[in-house]
file final-v1.txt (compact mmCIF, C-alpha atoms and all ligand atoms)
# COMPACT_ATOMS: atom_id res chain seq x y z
CA MET T 1 -16.22 67.90 103.59
CA GLU T 2 -13.26 66.84 105.69
CA LEU T 3 -10.15 64.97 104.55
CA THR T 4 -7.90 63.13 106.99
CA PHE T 5 -4.57 61.81 105.76
CA TYR T 6 -3.54 58.43 107.19
CA GLY T 7 -0.79 57.81 104.62
CA VAL T 8 0.80 60.18 102.09
CA ARG T 9 3.92 58.23 101.07
CA GLY T 10 4.42 56.49 97.71
CA SER T 11 6.05 53.21 96.72
CA CYS T 12 7.13 51.86 100.13
CA PRO T 13 6.39 52.62 103.79
CA CYS T 14 9.24 54.42 105.57
CA SER T 15 10.29 54.72 109.17
CA GLY T 16 12.86 56.88 110.92
CA GLU T 17 13.70 60.33 112.16
CA ARG T 18 13.85 61.93 108.71
CA TYR T 19 10.19 61.01 108.02
CA ARG T 20 8.87 62.25 111.37
CA ARG T 21 6.96 65.32 110.16
CA VAL T 22 5.51 64.22 106.79
CA GLY T 23 5.02 60.58 107.82
CA GLY T 24 5.91 57.17 106.43
CA ASN T 25 2.64 55.31 105.78
CA THR T 26 1.55 54.74 102.18
CA ALA T 27 -1.54 56.18 100.50
CA CYS T 28 -4.75 56.24 102.51
CA THR T 29 -7.08 59.22 102.93
CA ALA T 30 -10.54 59.39 104.52
CA VAL T 31 -13.10 61.80 103.04
CA SER T 32 -15.96 62.49 105.45
CA VAL T 33 -19.11 64.50 105.76
CA ASP T 34 -21.22 64.74 108.92
CA GLY T 35 -23.27 61.68 109.75
CA GLU T 36 -21.93 59.49 106.93
CA PRO T 37 -19.31 56.73 106.91
CA PRO T 38 -16.06 57.96 105.31
CA LEU T 39 -15.13 57.38 101.70
CA VAL T 40 -11.62 55.90 101.76
CA LEU T 41 -9.08 56.72 99.04
CA ASP T 42 -6.66 53.78 98.60
CA LEU T 43 -5.76 50.98 101.00
CA GLY T 44 -2.08 51.68 101.72
CA THR T 45 -0.49 51.09 105.12
CA GLY T 46 -2.29 54.15 106.53
CA LEU T 47 -5.49 52.04 106.38
CA ARG T 48 -4.35 50.15 109.49
CA THR T 49 -4.54 53.34 111.59
CA LEU T 50 -7.88 54.33 110.03
CA GLY T 51 -9.17 50.84 110.96
CA ASP T 52 -8.22 51.45 114.60
CA VAL T 53 -10.14 54.76 114.53
CA LEU T 54 -13.23 53.16 112.97
CA CYS T 55 -13.18 50.29 115.51
CA ARG T 56 -13.86 52.83 118.27
CA THR T 57 -17.44 53.39 117.03
CA ASP T 58 -20.27 51.05 118.14
CA GLN T 59 -21.80 50.84 114.67
CA PRO T 60 -20.83 47.87 112.48
CA LEU T 61 -18.55 49.12 109.73
CA GLU T 62 -20.07 49.85 106.33
CA VAL T 63 -17.40 51.66 104.41
CA THR T 64 -16.61 52.25 100.73
CA ALA T 65 -13.10 52.62 99.35
CA LEU T 66 -11.90 53.88 95.97
CA LEU T 67 -8.81 51.95 94.86
CA THR T 68 -6.65 53.51 92.14
CA HIS T 69 -4.73 50.30 91.31
CA LEU T 70 -3.24 47.16 92.80
CA HIS T 71 0.39 48.19 93.36
CA PHE T 72 1.55 47.13 96.85
CA ASP T 73 1.72 50.67 98.24
CA HIS T 74 -2.03 51.05 97.61
CA ILE T 75 -3.26 47.74 99.07
CA LEU T 76 -0.87 46.77 101.85
CA GLY T 77 -3.12 48.07 104.64
CA LEU T 78 -6.07 45.88 103.63
CA PRO T 79 -5.09 42.66 105.47
CA PHE T 80 -4.48 44.74 108.63
CA PHE T 81 -7.85 46.53 108.53
CA ALA T 82 -9.19 45.49 111.95
CA PRO T 83 -12.90 46.27 111.34
CA LEU T 84 -13.04 43.21 109.02
CA HIS T 85 -12.76 41.00 112.12
CA ASP T 86 -16.40 41.92 112.86
CA PRO T 87 -18.85 39.59 111.02
CA ALA T 88 -21.25 42.54 110.52
CA ALA T 89 -18.61 44.68 108.75
CA VAL T 90 -18.78 45.34 105.00
CA LEU T 91 -15.98 46.99 103.04
CA THR T 92 -16.93 47.78 99.44
CA VAL T 93 -13.97 48.52 97.17
CA TYR T 94 -14.31 50.11 93.73
CA GLY T 95 -11.17 49.49 91.68
CA PRO T 96 -10.01 49.02 88.08
CA PRO T 97 -10.19 45.67 86.24
CA GLN T 98 -6.81 43.91 86.34
CA GLY T 99 -7.04 41.25 83.60
CA GLY T 100 -7.71 38.18 85.76
CA ALA T 101 -5.91 39.28 88.94
CA SER T 102 -7.99 40.55 91.83
CA LEU T 103 -7.57 42.12 95.24
CA ALA T 104 -8.48 38.79 96.89
CA SER T 105 -5.89 36.95 94.78
CA VAL T 106 -3.01 39.10 96.04
CA VAL T 107 -4.04 38.95 99.71
CA GLN T 108 -3.67 35.20 100.29
CA PRO T 109 -0.98 32.64 101.21
CA PRO T 110 1.94 32.65 100.73
CA PHE T 111 1.87 36.49 100.71
CA PHE T 112 -0.40 36.72 103.76
CA PRO T 113 -1.35 33.89 106.14
CA VAL T 114 -5.13 34.31 105.75
CA GLU T 115 -7.35 34.56 102.67
CA MET T 116 -9.59 37.63 102.64
CA ALA T 117 -12.60 35.30 102.25
CA ASP T 118 -11.77 33.72 105.64
CA LEU T 119 -12.03 37.03 107.53
CA PRO T 120 -15.39 37.35 109.36
CA GLY T 121 -16.32 40.66 107.67
CA LYS T 122 -17.33 40.97 104.02
CA LEU T 123 -15.05 42.40 101.32
CA ASP T 124 -17.10 43.35 98.27
CA VAL T 125 -14.88 44.23 95.28
CA ARG T 126 -16.49 45.94 92.28
CA GLU T 127 -14.76 46.73 89.01
CA VAL T 128 -15.03 50.25 87.75
CA ALA T 129 -13.66 51.84 84.59
CA ASP T 130 -14.14 55.32 83.14
CA GLU T 131 -17.57 56.08 84.59
CA GLU T 132 -19.62 58.09 87.07
CA LEU T 133 -20.90 56.61 90.31
CA SER T 134 -23.13 57.65 93.19
CA ILE T 135 -21.74 56.48 96.54
CA GLY T 136 -23.86 57.60 99.51
CA PRO T 137 -23.88 61.39 99.34
CA PHE T 138 -20.80 61.52 97.04
CA ARG T 139 -20.72 61.92 93.26
CA VAL T 140 -17.66 60.08 91.97
CA LEU T 141 -16.02 60.13 88.55
CA ALA T 142 -13.41 57.43 87.79
CA ALA T 143 -11.02 57.96 84.88
CA THR T 144 -7.95 56.14 83.60
CA VAL T 145 -4.62 57.84 84.31
CA PRO T 146 -1.21 57.14 82.66
CA HIS T 147 0.73 54.80 85.02
CA PRO T 148 2.06 51.22 84.59
CA GLY T 149 -0.91 48.80 84.71
CA THR T 150 -4.53 49.91 84.64
CA THR T 151 -4.75 52.85 87.02
CA LEU T 152 -7.60 55.17 87.93
CA GLY T 153 -7.88 58.63 89.36
CA PHE T 154 -11.04 59.87 91.06
CA ARG T 155 -13.04 63.08 91.26
CA ILE T 156 -15.26 63.29 94.33
CA GLY T 157 -18.01 65.86 94.66
CA ILE T 158 -20.51 66.75 97.33
CA GLY T 159 -22.62 69.92 97.30
CA GLY T 160 -20.49 72.51 95.53
CA THR T 161 -17.14 71.07 96.65
CA THR T 162 -14.90 68.91 94.47
CA VAL T 163 -11.72 66.99 95.25
CA ALA T 164 -9.54 65.36 92.58
CA TYR T 165 -7.35 62.39 93.58
CA VAL T 166 -4.49 61.49 91.19
CA PRO T 167 -1.81 59.87 93.37
CA ASP T 168 0.04 57.86 90.70
CA HIS T 169 0.45 59.61 87.37
CA GLN T 170 3.26 59.17 84.89
CA ALA T 171 4.11 62.61 83.55
CA PRO T 172 4.44 62.84 79.74
CA PRO T 173 7.94 63.30 78.24
CA ASP T 174 7.21 66.97 77.42
CA LEU T 175 6.21 67.63 81.07
CA ARG T 176 3.58 70.02 79.76
CA THR T 177 0.57 68.35 78.10
CA VAL T 178 -2.22 66.97 80.29
CA ALA T 179 -3.95 63.67 79.42
CA GLU T 180 -7.65 63.86 78.62
CA GLY T 181 -8.68 61.67 81.59
CA VAL T 182 -6.57 63.70 84.02
CA ARG T 183 -8.12 66.91 82.73
CA ARG T 184 -11.64 65.53 83.29
CA LEU T 185 -10.73 64.60 86.86
CA CYS T 186 -9.08 67.88 87.79
CA ASP T 187 -10.99 70.54 85.85
CA GLY T 188 -11.92 73.35 88.26
CA ALA T 189 -11.49 71.15 91.38
CA ASP T 190 -11.29 72.94 94.73
CA LEU T 191 -8.50 70.60 95.81
CA LEU T 192 -6.14 68.30 93.91
CA LEU T 193 -4.06 65.57 95.55
CA HIS T 194 -1.42 64.84 92.92
CA ASP T 195 1.62 62.61 92.47
CA ALA T 196 4.72 64.68 93.38
CA GLN T 197 7.26 61.89 93.59
CA TYR T 198 10.27 63.36 91.80
CA SER T 199 12.40 66.42 91.33
CA ALA T 200 13.08 67.28 87.67
CA GLU T 201 16.52 65.67 87.96
CA GLU T 202 15.13 62.44 89.46
CA TYR T 203 12.51 62.24 86.69
CA ARG T 204 15.22 62.44 84.02
CA ALA T 205 16.70 59.23 85.48
CA LYS T 206 13.28 57.52 85.89
CA PRO T 207 11.00 58.82 83.10
CA THR T 208 9.11 55.50 82.74
CA TRP T 209 8.73 54.65 86.43
CA GLY T 210 5.16 55.90 86.50
CA HIS T 211 5.36 59.19 88.36
CA SER T 212 5.36 62.97 88.09
CA THR T 213 7.69 65.74 89.06
CA VAL T 214 6.67 68.38 91.57
CA ASP T 215 6.84 70.87 88.67
CA TYR T 216 4.40 68.79 86.62
CA ALA T 217 1.97 68.50 89.56
CA VAL T 218 1.89 72.31 89.68
CA ARG T 219 1.53 72.40 85.89
CA VAL T 220 -1.56 70.10 86.00
CA ALA T 221 -3.12 72.16 88.79
CA ALA T 222 -2.54 75.41 86.85
CA GLU T 223 -3.76 74.04 83.50
CA CYS T 224 -6.93 72.64 85.09
CA GLY T 225 -7.78 75.74 87.15
CA VAL T 226 -7.47 73.94 90.49
CA GLY T 227 -7.98 76.05 93.63
CA ARG T 228 -5.52 74.25 95.88
CA LEU T 229 -2.81 71.66 95.22
CA LEU T 230 -1.52 69.19 97.78
CA LEU T 231 1.71 67.45 96.79
CA PHE T 232 1.12 63.73 97.48
CA HIS T 233 2.76 60.27 97.10
CA HIS T 234 6.16 61.38 98.43
CA ASP T 235 9.20 59.38 97.38
CA PRO T 236 10.87 57.24 100.11
CA LEU T 237 14.14 58.96 99.17
CA HIS T 238 12.68 62.27 100.38
CA GLY T 239 12.77 62.98 104.10
CA ASP T 240 11.12 66.02 105.71
CA ARG T 241 14.00 68.30 104.67
CA GLU T 242 13.91 67.28 101.00
CA ILE T 243 10.11 67.62 100.86
CA GLY T 244 10.40 71.09 102.41
CA ALA T 245 12.87 72.06 99.67
CA LEU T 246 10.59 70.65 96.94
CA LEU T 247 7.67 72.67 98.33
CA ARG T 248 9.70 75.89 98.29
CA HIS T 249 10.70 75.11 94.69
CA ALA T 250 7.07 74.39 93.73
CA ARG T 251 5.82 77.67 95.17
CA ARG T 252 8.38 79.64 93.15
CA LEU T 253 7.32 78.15 89.80
CA PRO T 254 5.53 80.53 87.37
CA ASP T 255 2.65 78.02 87.10
CA ALA T 256 2.13 78.24 90.90
CA ARG T 257 0.82 81.81 90.45
CA ARG T 258 -2.22 80.30 88.70
CA VAL T 259 -3.01 78.02 91.70
CA GLY T 260 -4.54 79.45 94.88
CA ASP T 261 -2.29 77.46 97.19
CA VAL T 262 0.40 74.80 96.91
CA SER T 263 1.19 72.72 99.99
CA VAL T 264 2.28 69.25 101.05
CA ALA T 265 0.04 66.40 102.25
CA VAL T 266 1.19 65.38 105.73
CA GLU T 267 0.17 62.23 107.61
CA GLY T 268 -2.23 62.96 110.47
CA MET T 269 -3.39 66.25 108.94
CA THR T 270 -7.12 67.04 108.65
CA LEU T 271 -8.34 69.50 106.08
CA THR T 272 -11.82 71.05 106.03
CA LEU T 273 -13.24 72.26 102.72
ZN ZN T 301 1.76 54.36 94.37
ZN ZN T 302 1.55 52.64 91.31

call {"tool": "encode", "arguments": {"input": "final-v1.txt", "output": "C-alpha cells"}}
result
Amino acid sequence: MELTFYGVRGSCPCSGERYRRVGGNTACTAVSVDGEPPLVLDLGTGLRTLGDVLCRTDQPLEVTALLTHLHFDHILGLPFFAPLHDPAAVLTVYGPPQGGASLASVVQPPFFPVEMADLPGKLDVREVADEELSIGPFRVLAATVPHPGTTLGFRIGIGGTTVAYVPDHQAPPDLRTVAEGVRRLCDGADLLLHDAQYSAEEYRAKPTWGHSTVDYAVRVAAECGVGRLLLFHHDPLHGDREIGALLRHARRLPDARRVGDVSVAVEGMTLTL
C-alpha cells in the first residue's frame, strides 16, 4: 500500500515561504495498491494536483473518495478536479449524511460558476454512516468522530496492513479519554493520520473549535497501540518552523514511547507500507 499526500493543511489553504516544506494545500491523500485506481481521502485543494496526475493516464477515471465531512477545507478541490471534464469519468464519493445539504448543493452558483451536474463526468455521492464497506480491494470502516457537524473517520485495510484516517477530531476537555468510534478506527493500526492542529496553549483558547492538540494525537496513537503516527491537518498559523517545534515536542512526550514512530505529514511525500 502506498500513500501520497497532496494536501496536509487544515482549515484554509496557505501560500508563502514559511509553508514551503510542509505545504499549503488542504486535506487530500491518495491510497494506492498496484493495478488499482487510488482511494482518495478527502477532496481538499490538494485534489486539484491529484487530478492533474490522474489525467496523464489513458484510462477513463473511475475513482472512489472517502469524504470525512463537508467543511470547505475538505471539499474545495472538487470543482477543480480536471478528470471530471471527461464524459467517461466517474467519481464516487462516500460521505456522511448532512441533514438536507449535499456536496452538489455547496458546489453551485453563486459559490462556483458551474453546477456539478453540468460537468461531463459523473459524480456519484453515497451517504455512509457507522458501517463497513468493501471498495475494490480495500476494506473500509467508517465511524463518527467528535467534530462540529456530522464527521467521519475511516479505517482502511488491505491484506494485513491498516491505515486509520482521523483528520478532524475535537479532543475531549480532559485531553486523555478516547471516544469509542475513534478507538474502533485506530485500534492496532499500522499508521494513523491524526488531527494535530494545536499546541496545548492554542487548544486552551479554542477548546470547542473542533480540533486536537499534538499531545492528544500522540495520546490517541499510544492508547490505541498504533505503529506509526503522522501529525496531520496542520494549522495555517503554523509555518515549517512551528511544525518542526511541535514535532520535537511530540517526540519527547511520555506517550510517544508507546508509538513506534511519530512524524509529520508533508505535501508531496509518498509513504510505502
Ligand atoms: Zn478540516
Ligand atoms: Zn472540519

call {"tool": "residues_around", "arguments": {"input": "final-v1.txt", "residues": "T:Asn25", "least_positions_apart": "4", "cutoff": "9 Å", "atoms": "only C-alpha atoms", "output": "PyMOL selection string"}}
result
chain T and resi 6-10+12-15+44-47+73+267

call {"tool": "residues_around", "arguments": {"input": "final-v1.txt", "residues": "T:Lys122", "least_positions_apart": "6", "cutoff": "8 Å", "atoms": "all atoms listed in the file", "output": "mmCIF file with C-alpha atoms, in the coordinates of the input"}}
result
data_model
loop_
_atom_site.group_PDB
_atom_site.id
_atom_site.type_symbol
_atom_site.label_atom_id
_atom_site.label_comp_id
_atom_site.auth_asym_id
_atom_site.auth_seq_id
_atom_site.Cartn_x
_atom_site.Cartn_y
_atom_site.Cartn_z
ATOM 1 C CA LEU T 84 -13.040 43.210 109.020
ATOM 2 C CA PRO T 87 -18.850 39.590 111.020
ATOM 3 C CA ALA T 88 -21.250 42.540 110.520
ATOM 4 C CA ALA T 89 -18.610 44.680 108.750
ATOM 5 C CA VAL T 90 -18.780 45.340 105.000
ATOM 6 C CA LEU T 91 -15.980 46.990 103.040
#

call {"tool": "residues_near_ligand", "arguments": {"input": "final-v1.txt", "ligand": "ligand ZN 302 (chain T)", "cutoff": "10 Å", "atoms": "all atoms listed in the file", "output": "list in words"}}
result
Gly10, Ser11, Thr68, His69, Leu70, His71, Phe72, Asp73, His74, His147, Pro148, Gly149, Thr150, Thr151, Pro167, Asp168, His169, Gln170, Trp209, Gly210, His211 and His233 of chain T

call {"tool": "atom_distance", "arguments": {"input": "final-v1.txt", "atom1": "atom CA of T:Gly16", "atom2": "atom CA of T:Thr272"}}
result
28.9 Å

call {"tool": "residues_around", "arguments": {"input": "final-v1.txt", "residues": "T:Thr92", "least_positions_apart": "2", "cutoff": "10 Å", "atoms": "only C-alpha atoms", "output": "ChimeraX atom specification"}}
result
/T:40,62-66,89-90,94-95,122-126

call {"tool": "closest_residue", "arguments": {"input": "final-v1.txt", "among": "T:Glu17, T:Asp195, T:Glu132, T:Asp174", "to": "ligand ZN 301 (chain T)", "atoms": "only C-alpha atoms and all ligand atoms"}}
result
T:Asp195

call {"tool": "residues_around", "arguments": {"input": "final-v1.txt", "residues": "T:Phe5", "least_positions_apart": "6", "cutoff": "6 Å", "atoms": "only C-alpha atoms", "output": "ChimeraX atom specification"}}
result
/T:29,267-269

call {"tool": "closest_residue", "arguments": {"input": "final-v1.txt", "among": "T:Asp42, T:Glu115, T:Asp261, T:Glu36", "to": "T:Leu191", "atoms": "all atoms listed in the file"}}
result
T:Asp261

call {"tool": "atom_distance", "arguments": {"input": "final-v1.txt", "atom1": "atom CA of T:Val259", "atom2": "atom CA of T:Gly188"}}
result
10.6 Å

call {"tool": "closest_residue", "arguments": {"input": "final-v1.txt", "among": "T:Gly225, T:Gly153, T:Gly244, T:Gly121", "to": "ligand ZN 301 (chain T)", "atoms": "only C-alpha atoms and all ligand atoms"}}
result
T:Gly153

call {"tool": "closest_residue", "arguments": {"input": "final-v1.txt", "among": "T:Pro109, T:Leu50, T:His194, T:Val264", "to": "ligand ZN 301 (chain T)", "atoms": "only C-alpha atoms and all ligand atoms"}}
result
T:His194

call {"tool": "atom_distance", "arguments": {"input": "final-v1.txt", "atom1": "atom CA of T:Cys55", "atom2": "atom CA of T:Leu103"}}
result
22.6 Å

call {"tool": "residues_near_point", "arguments": {"input": "final-v1.txt", "point": "(-9.2, 48.6, 105.8)", "cutoff": "7 Å", "atoms": "all atoms listed in the file", "output": "ChimeraX atom specification"}}
result
/T:43,47-48,51,77-78,80-82

call {"tool": "closest_residue", "arguments": {"input": "final-v1.txt", "among": "T:Leu273, T:Ala245, T:Ala30, T:Ala171", "to": "T:Pro146", "atoms": "only C-alpha atoms"}}
result
T:Ala171

call {"tool": "closest_residue", "arguments": {"input": "final-v1.txt", "among": "T:Thr162, T:Ala205, T:Pro83, T:Leu141", "to": "T:Arg56", "atoms": "all atoms listed in the file"}}
result
T:Pro83

call {"tool": "residues_near_point", "arguments": {"input": "final-v1.txt", "point": "(-0.8, 69.1, 83.6)", "cutoff": "6 Å", "atoms": "only C-alpha atoms", "output": "mmCIF file with C-alpha atoms, keeping the file's coordinate frame"}}
result
data_model
loop_
_atom_site.group_PDB
_atom_site.id
_atom_site.type_symbol
_atom_site.label_atom_id
_atom_site.label_comp_id
_atom_site.auth_asym_id
_atom_site.auth_seq_id
_atom_site.Cartn_x
_atom_site.Cartn_y
_atom_site.Cartn_z
ATOM 1 C CA ARG T 176 3.580 70.020 79.760
ATOM 2 C CA THR T 177 0.570 68.350 78.100
ATOM 3 C CA VAL T 178 -2.220 66.970 80.290
ATOM 4 C CA ARG T 219 1.530 72.400 85.890
ATOM 5 C CA VAL T 220 -1.560 70.100 86.000
ATOM 6 C CA GLU T 223 -3.760 74.040 83.500
#

call {"tool": "axis_aligned_box", "arguments": {"input": "final-v1.txt", "around": "stretch 95-104 of chain T", "padding_each_side": "8 Å", "output": "AutoDock Vina command-line options"}}
result
--center_x -8.5 --center_y 43.8 --center_z 90.2 --size_x 21.3 --size_y 27.3 --size_z 29.3

call {"tool": "residues_around", "arguments": {"input": "final-v1.txt", "residues": "T:Ala217", "least_positions_apart": "4", "cutoff": "8 Å", "atoms": "only C-alpha atoms", "output": "number ranges by chain"}}
result
T: 194-196, 212-213, 221, 231

call {"tool": "write_last_selection", "arguments": {"input": "final-v1.txt", "atoms": "C-alpha atoms", "output": "PDB file, keeping the file's coordinate frame"}}
result
ATOM      1  CA  HIS T 194      -1.420  64.840  92.920  1.00  0.00           C
ATOM      2  CA  ASP T 195       1.620  62.610  92.470  1.00  0.00           C
ATOM      3  CA  ALA T 196       4.720  64.680  93.380  1.00  0.00           C
ATOM      4  CA  SER T 212       5.360  62.970  88.090  1.00  0.00           C
ATOM      5  CA  THR T 213       7.690  65.740  89.060  1.00  0.00           C
ATOM      6  CA  ALA T 221      -3.120  72.160  88.790  1.00  0.00           C
ATOM      7  CA  LEU T 231       1.710  67.450  96.790  1.00  0.00           C
TER       8      LEU T 231
END

call {"tool": "decode", "arguments": {"input": "final-v1.txt", "residues": "stretch 144-171 of chain T", "atoms": "C-alpha atoms", "output": "short mmCIF file (atom, residue, chain, number, x, y, z; two decimals), in the first residue's frame"}}
result
data_model
loop_
_atom_site.label_atom_id
_atom_site.label_comp_id
_atom_site.auth_asym_id
_atom_site.auth_seq_id
_atom_site.Cartn_x
_atom_site.Cartn_y
_atom_site.Cartn_z
CA THR T 144 -18.41 9.04 13.62
CA VAL T 145 -15.77 11.26 15.23
CA PRO T 146 -16.32 14.24 17.61
CA HIS T 147 -16.14 17.44 15.47
CA PRO T 148 -18.71 20.18 14.70
CA GLY T 149 -21.30 18.76 12.26
CA THR T 150 -21.53 15.09 11.33
CA THR T 151 -17.96 13.97 10.74
CA LEU T 152 -16.47 10.58 9.93
CA GLY T 153 -13.09 8.98 10.30
CA PHE T 154 -12.04 5.97 8.24
CA ARG T 155 -10.07 2.78 8.74
CA ILE T 156 -8.71 1.31 5.52
CA GLY T 157 -7.35 -2.21 5.32
CA ILE T 158 -5.80 -4.30 2.61
CA GLY T 159 -4.02 -7.62 3.23
CA GLY T 160 -2.52 -7.30 6.70
CA THR T 161 -2.00 -3.52 6.53
CA THR T 162 -4.29 -0.97 8.16
CA VAL T 163 -4.38 2.83 7.97
CA ALA T 164 -6.58 4.99 10.21
CA TYR T 165 -7.60 8.45 8.96
CA VAL T 166 -8.90 10.92 11.59
CA PRO T 167 -8.07 14.39 10.23
CA ASP T 168 -10.65 16.44 12.15
CA HIS T 169 -11.20 15.38 15.75
CA GLN T 170 -12.21 17.58 18.65
CA ALA T 171 -10.18 16.47 21.64
#
